[in-house]
Structures are given as C-alpha cells and as structure tokens.
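Here is my_file.csv, consisting of CSV, C-alpha atoms and all ligand atoms:
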chain,number,residue,atom,x,y,z
A,23,MET,CA,-54.3,57.3,-20.6
A,24,GLY,CA,-56.9,55.8,-18.4
A,25,GLU,CA,-56.3,52.9,-16.0
A,26,ILE,CA,-56.7,49.5,-17.8
A,27,ARG,CA,-59.3,47.3,-16.0
A,28,CYS,CA,-59.0,43.9,-17.6
A,29,HIS,CA,-59.5,40.9,-15.4
A,30,TYR,CA,-57.4,38.7,-17.7
A,31,CYS,CA,-54.4,41.0,-17.3
A,32,GLU,CA,-55.0,41.7,-13.6
A,33,LYS,CA,-55.5,38.0,-12.7
A,34,GLY,CA,-57.1,39.2,-9.5
A,35,GLU,CA,-60.4,38.7,-7.7
A,36,ILE,CA,-62.7,39.1,-10.7
A,37,MET,CA,-60.7,36.5,-12.6
A,38,ALA,CA,-60.8,34.2,-9.5
A,39,ALA,CA,-64.6,34.5,-9.4
A,40,VAL,CA,-64.8,33.5,-13.1
A,41,GLY,CA,-62.2,30.7,-13.3
A,42,ILE,CA,-59.6,28.6,-11.6
A,43,GLU,CA,-56.1,28.6,-13.1
A,44,ILE,CA,-55.2,25.2,-14.5
A,45,ALA,CA,-51.8,26.0,-16.2
A,46,GLU,CA,-49.8,28.6,-18.0
A,47,LEU,CA,-49.1,27.4,-21.5
A,48,SER,CA,-46.7,28.8,-24.1
A,49,ALA,CA,-48.8,31.8,-25.2
A,50,SER,CA,-51.8,31.6,-22.9
A,51,THR,CA,-53.3,30.6,-19.6
A,52,LEU,CA,-55.9,27.9,-19.2
A,53,TYR,CA,-58.7,28.3,-16.7
A,54,LEU,CA,-61.4,26.1,-15.6
A,55,PHE,CA,-64.7,28.1,-16.0
A,56,ARG,CA,-66.3,28.0,-12.5
A,57,GLU,CA,-69.8,27.7,-14.1
A,58,GLN,CA,-69.8,24.0,-15.0
A,59,SER,CA,-73.1,23.3,-16.6
A,60,HIS,CA,-70.9,21.8,-19.3
A,61,PRO,CA,-68.5,19.6,-17.3
A,62,GLY,CA,-64.9,20.5,-18.3
A,63,ARG,CA,-65.7,23.9,-19.7
A,64,CYS,CA,-62.6,26.1,-19.8
A,65,ILE,CA,-61.3,29.5,-20.9
A,66,LEU,CA,-58.0,30.0,-22.7
A,67,ALA,CA,-56.8,33.6,-22.4
A,68,TYR,CA,-53.9,35.0,-24.3
A,69,ASN,CA,-50.9,36.1,-22.2
A,70,GLY,CA,-51.0,39.8,-23.2
A,71,HIS,CA,-53.6,42.5,-23.8
A,72,VAL,CA,-54.4,41.8,-27.4
A,73,GLY,CA,-57.9,42.3,-28.7
A,74,ASP,CA,-58.2,39.8,-31.6
A,75,ILE,CA,-56.5,36.8,-33.1
A,76,THR,CA,-55.7,38.9,-36.2
A,77,ASP,CA,-53.5,41.2,-34.0
A,78,LEU,CA,-51.0,38.5,-33.3
A,79,PRO,CA,-47.8,38.0,-35.3
A,80,ASP,CA,-47.7,34.6,-37.1
A,81,GLU,CA,-45.5,32.8,-34.6
A,82,ARG,CA,-47.6,33.9,-31.5
A,83,ARG,CA,-50.8,32.9,-33.3
A,84,ARG,CA,-49.4,29.5,-34.0
A,85,GLN,CA,-48.4,29.1,-30.3
A,86,PHE,CA,-51.8,30.3,-29.2
A,87,PHE,CA,-53.6,27.7,-31.5
A,88,ASP,CA,-51.2,25.0,-30.4
A,89,ASP,CA,-52.2,25.8,-26.8
A,90,LEU,CA,-55.9,25.7,-27.8
A,91,VAL,CA,-55.4,22.2,-29.3
A,92,ARG,CA,-53.5,21.0,-26.3
A,93,ALA,CA,-56.2,22.3,-24.0
A,94,ALA,CA,-59.0,20.7,-26.1
A,95,ARG,CA,-57.2,17.3,-26.1
A,96,ALA,CA,-56.8,17.4,-22.4
A,97,ILE,CA,-60.5,18.2,-21.9
A,98,GLN,CA,-61.3,15.4,-24.3
A,99,LYS,CA,-59.2,13.0,-22.3
A,100,ALA,CA,-60.4,14.1,-18.9
A,101,TYR,CA,-64.2,14.4,-19.7
A,102,ASN,CA,-64.8,12.5,-23.0
A,103,PRO,CA,-67.4,14.9,-24.4
A,104,ASP,CA,-69.2,14.2,-27.7
A,105,LYS,CA,-68.1,17.6,-29.0
A,106,ILE,CA,-66.1,20.6,-27.9
A,107,ASN,CA,-67.6,24.0,-29.0
A,108,TYR,CA,-65.3,26.9,-29.4
A,109,ALA,CA,-66.1,30.6,-29.1
A,110,ALA,CA,-64.2,33.9,-29.1
A,111,PHE,CA,-66.5,36.8,-28.3
A,112,GLY,CA,-64.9,39.7,-26.5
A,113,ASP,CA,-67.5,42.4,-27.4
A,114,LYS,CA,-67.2,43.8,-23.9
A,115,MET,CA,-63.9,42.3,-22.9
A,116,PRO,CA,-61.3,43.1,-25.6
A,117,HIS,CA,-58.7,40.6,-24.5
A,118,LEU,CA,-58.2,37.6,-26.7
A,119,HIS,CA,-59.7,34.5,-25.1
A,120,PHE,CA,-61.5,31.4,-26.2
A,121,HIS,CA,-64.3,29.5,-24.5
A,122,LEU,CA,-63.8,25.7,-24.8
A,123,THR,CA,-67.2,24.2,-24.0
A,124,PRO,CA,-67.6,20.4,-24.0
A,125,LYS,CA,-71.0,19.3,-25.1
A,126,TYR,CA,-72.7,16.0,-24.3
A,127,ARG,CA,-75.3,14.2,-26.3
A,128,ASP,CA,-78.8,14.7,-24.9
A,129,ALA,CA,-77.5,16.9,-22.1
A,130,PHE,CA,-77.7,20.7,-21.4
A,131,GLU,CA,-77.7,22.8,-24.6
A,132,TRP,CA,-76.7,19.9,-26.9
A,133,GLY,CA,-77.3,21.0,-30.5
A,134,ASP,CA,-77.7,24.6,-29.4
A,135,VAL,CA,-75.5,27.6,-29.0
A,136,PHE,CA,-74.1,27.6,-25.4
A,137,ALA,CA,-75.0,30.5,-23.1
A,138,MET,CA,-72.2,32.8,-22.1
A,139,ASN,CA,-72.9,32.1,-18.4
A,140,PRO,CA,-76.0,30.0,-17.7
A,141,LYS,CA,-75.5,30.5,-13.9
A,142,ARG,CA,-76.7,27.0,-13.0
A,143,ILE,CA,-73.7,25.1,-11.5
A,144,GLU,CA,-71.1,27.2,-9.9
A,145,LEU,CA,-68.2,25.2,-8.4
A,146,ALA,CA,-66.7,26.2,-5.1
A,147,ASP,CA,-62.9,26.2,-4.6
A,148,ALA,CA,-62.6,22.6,-3.5
A,149,GLU,CA,-64.7,21.1,-6.3
A,150,GLY,CA,-63.2,23.5,-8.9
A,151,GLY,CA,-59.7,22.6,-7.8
A,152,GLU,CA,-60.4,18.9,-8.3
A,153,ALA,CA,-61.8,19.6,-11.8
A,154,ALA,CA,-58.9,21.8,-12.7
A,155,GLU,CA,-56.5,19.0,-11.5
A,156,LYS,CA,-58.3,16.4,-13.6
A,157,ILE,CA,-57.5,18.5,-16.7
A,158,ARG,CA,-54.0,19.5,-15.5
A,159,ARG,CA,-53.0,15.8,-15.2
A,160,VAL,CA,-53.6,15.1,-18.9
A,161,LEU,CA,-52.3,18.4,-20.4
A,201,ZN,ZN,-56.1,42.3,-20.8
Here is the file; what I need is its structure written in the form of structure tokens.
Amino acid sequence: MGEIRCHYCEKGEIMAAVGIEIAELSASTLYLFREQSHPGRCILAYNGHVGDITDLPDERRRQFFDDLVRAARAIQKAYNPDKINYAAFGDKMPHLHFHLTPKYRDAFEWGDVFAMNPKRIELADAEGGEAAEKIRRVL
C-alpha cells in the first residue's frame, strides 16, 4: 500500500497554508480558510479519512451534521452574513470536508457560485488568528 498523502489527516504544513484551526468538534475539525474574500469562510473536515458523507455510519453522520450546524451558527453570530453557502467537493481530495462560505449582499460573488480559491485576500497568521478567535468565542 502506498503512503497516504492527505493534508486533512496529516494536519501539517499544507493544512496550515490552507487554514487555521479554530476547534476540534465531536466528529470534525473546524478551520478558518486563510483565503478570506468571503469574511468568515471556514472548512469543516471530518476526523478520519472517509471519502463521502454516505460512507459514515448514522451516528457519526449525525454528529458531523451537528458540527456543521454549530459551525454555521457561530459564523452567523460572528460575521452576520446574508447567506452561508455550503459545498462538499473532494474530486481531488477524497477526505470528507465541507466549505462554509458566508455571502454578503452586493459583495464578492453574491448570487454566484463561489470559487474554490479566488486567491485575493490571504490572511497572515496574526489576522487569521484573530478571525479564528472571533468564531471560536461564539462556537
Ligand atoms: Zn484524510
């Protein structure tokens, strides 16, 4: 068997370049997405190398969705977006994770599908840490 290279499992440098850990929840880990064109954008990654939501036993799936709702409520409290968009792709990264992307009326990509990584606003550690803390406080 080949070596598994999954940055969600490794939680190493690649993951640190993509996100800042906010908190470990019951079935998943919440990260602030460093690219913050949509203020408050996060990634929720399942704790375990599972490819799809359909692979989870019922109880774990419920826990994962409870985490998703908890994260979304915290983003709503911290950033007050007009809508949160959700997406689970994983075409090239077969580890269950959801993008939680707050959208703001008349702002970037409102009414549109959000880009995977628009590479416009990349937060450094200090700013990213503050944004992560803002969500952590209301989790
Ligand atoms: Zn993985």
Practice task
Using all atoms listed in the file, determine which residues lie at most 6 Å from range 88-100 of chain A, disregarding the query and same-chain residues fewer than 2 positions distant; provide the list as a PyMOL selection string.
Solution key: chain A and resi 85-86+102+157+160-161
Problem - Given only C-alpha atoms as the counted atoms, nearest of A:Asp113, A:Glu144, A:Glu46, A:Asp104 to Ala129 in chain A - result: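 Going through A:Asp113, A:Glu144, A:Glu46, A:Asp104 one by one, the smallest distance to Ala129 in chain A is for A:Asp104.
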Exercise for the section: May I have the residues within 12 Å of ligand ZN 201 (chain A), computed using all atoms listed in the file, as a PyMOL selection string? Expected result: chain A and resi 25-34+37+50+67-74+112+114-119
Exercise for the section: Name the residues in contact with Val40 in chain A at a cut-off of 7 Å, using all atoms listed in the file, excluding same-chain residues fewer than 4 positions from it; report them as a list of chain:residue names. Expected result: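 Counting all atoms listed in the file, the residues come to A:Ile36, A:Phe55, A:Arg56.
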Handout entry: CA of Arg82 in chain A to CA of Phe136 in chain A, straight-line distance in Å
Key =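 Straight-line distance from CA of Phe136 in chain A to CA of Arg82 in chain A works out to 27.9 Å.
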Handout entry: Counting only C-alpha atoms, the option among A:Glu81, A:His121, A:Leu47, A:Leu54 closest to Gly151 in chain A
Key = A:Leu54
Problem - Among listed residues A:Phe130, A:Pro61, A:Ile75, A:Ala153, nearest Pro103 in chain A (using all atoms listed in the file) - result: A:Pro61
Where atoms are lacking, range 33-47 of chain A completed to N, CA and C atoms, as a PDB file, in the frame of the given file:
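Writing done, so here's rebuild27.pdb:
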ATOM      1  N   LYS A  33     -55.513  39.321 -13.340  1.00  0.00           N
ATOM      2  CA  LYS A  33     -55.500  38.000 -12.700  1.00  0.00           C
ATOM      3  C   LYS A  33     -55.819  38.118 -11.194  1.00  0.00           C
ATOM      4  N   GLY A  34     -56.775  38.977 -10.873  1.00  0.00           N
ATOM      5  CA  GLY A  34     -57.100  39.200  -9.500  1.00  0.00           C
ATOM      6  C   GLY A  34     -58.456  38.560  -9.093  1.00  0.00           C
ATOM      7  N   GLU A  35     -59.187  39.262  -8.226  1.00  0.00           N
ATOM      8  CA  GLU A  35     -60.400  38.700  -7.700  1.00  0.00           C
ATOM      9  C   GLU A  35     -61.495  38.423  -8.709  1.00  0.00           C
ATOM     10  N   ILE A  36     -61.636  39.319  -9.687  1.00  0.00           N
ATOM     11  CA  ILE A  36     -62.700  39.100 -10.700  1.00  0.00           C
ATOM     12  C   ILE A  36     -62.392  37.845 -11.483  1.00  0.00           C
ATOM     13  N   MET A  37     -61.131  37.675 -11.847  1.00  0.00           N
ATOM     14  CA  MET A  37     -60.700  36.500 -12.600  1.00  0.00           C
ATOM     15  C   MET A  37     -60.963  35.230 -11.729  1.00  0.00           C
ATOM     16  N   ALA A  38     -60.631  35.326 -10.455  1.00  0.00           N
ATOM     17  CA  ALA A  38     -60.800  34.200  -9.500  1.00  0.00           C
ATOM     18  C   ALA A  38     -62.269  33.799  -9.399  1.00  0.00           C
ATOM     19  N   ALA A  39     -63.154  34.785  -9.536  1.00  0.00           N
ATOM     20  CA  ALA A  39     -64.600  34.500  -9.400  1.00  0.00           C
ATOM     21  C   ALA A  39     -65.099  33.814 -10.700  1.00  0.00           C
ATOM     22  N   VAL A  40     -64.397  34.019 -11.798  1.00  0.00           N
ATOM     23  CA  VAL A  40     -64.800  33.500 -13.100  1.00  0.00           C
ATOM     24  C   VAL A  40     -64.157  32.092 -13.347  1.00  0.00           C
ATOM     25  N   GLY A  41     -62.905  31.973 -12.960  1.00  0.00           N
ATOM     26  CA  GLY A  41     -62.200  30.700 -13.300  1.00  0.00           C
ATOM     27  C   GLY A  41     -61.099  30.379 -12.317  1.00  0.00           C
ATOM     28  N   ILE A  42     -60.673  29.133 -12.420  1.00  0.00           N
ATOM     29  CA  ILE A  42     -59.600  28.600 -11.600  1.00  0.00           C
ATOM     30  C   ILE A  42     -58.439  28.266 -12.519  1.00  0.00           C
ATOM     31  N   GLU A  43     -57.264  28.818 -12.238  1.00  0.00           N
ATOM     32  CA  GLU A  43     -56.100  28.600 -13.100  1.00  0.00           C
ATOM     33  C   GLU A  43     -55.751  27.108 -13.164  1.00  0.00           C
ATOM     34  N   ILE A  44     -55.614  26.584 -14.366  1.00  0.00           N
ATOM     35  CA  ILE A  44     -55.200  25.200 -14.500  1.00  0.00           C
ATOM     36  C   ILE A  44     -53.675  25.202 -14.831  1.00  0.00           C
ATOM     37  N   ALA A  45     -53.263  26.000 -15.781  1.00  0.00           N
ATOM     38  CA  ALA A  45     -51.800  26.000 -16.200  1.00  0.00           C
ATOM     39  C   ALA A  45     -51.557  27.203 -17.074  1.00  0.00           C
ATOM     40  N   GLU A  46     -50.302  27.651 -17.024  1.00  0.00           N
ATOM     41  CA  GLU A  46     -49.800  28.600 -18.000  1.00  0.00           C
ATOM     42  C   GLU A  46     -49.206  27.840 -19.140  1.00  0.00           C
ATOM     43  N   LEU A  47     -49.634  28.099 -20.349  1.00  0.00           N
ATOM     44  CA  LEU A  47     -49.100  27.400 -21.500  1.00  0.00           C
ATOM     45  C   LEU A  47     -48.170  28.348 -22.260  1.00  0.00           C
TER      46      LEU A  47
END
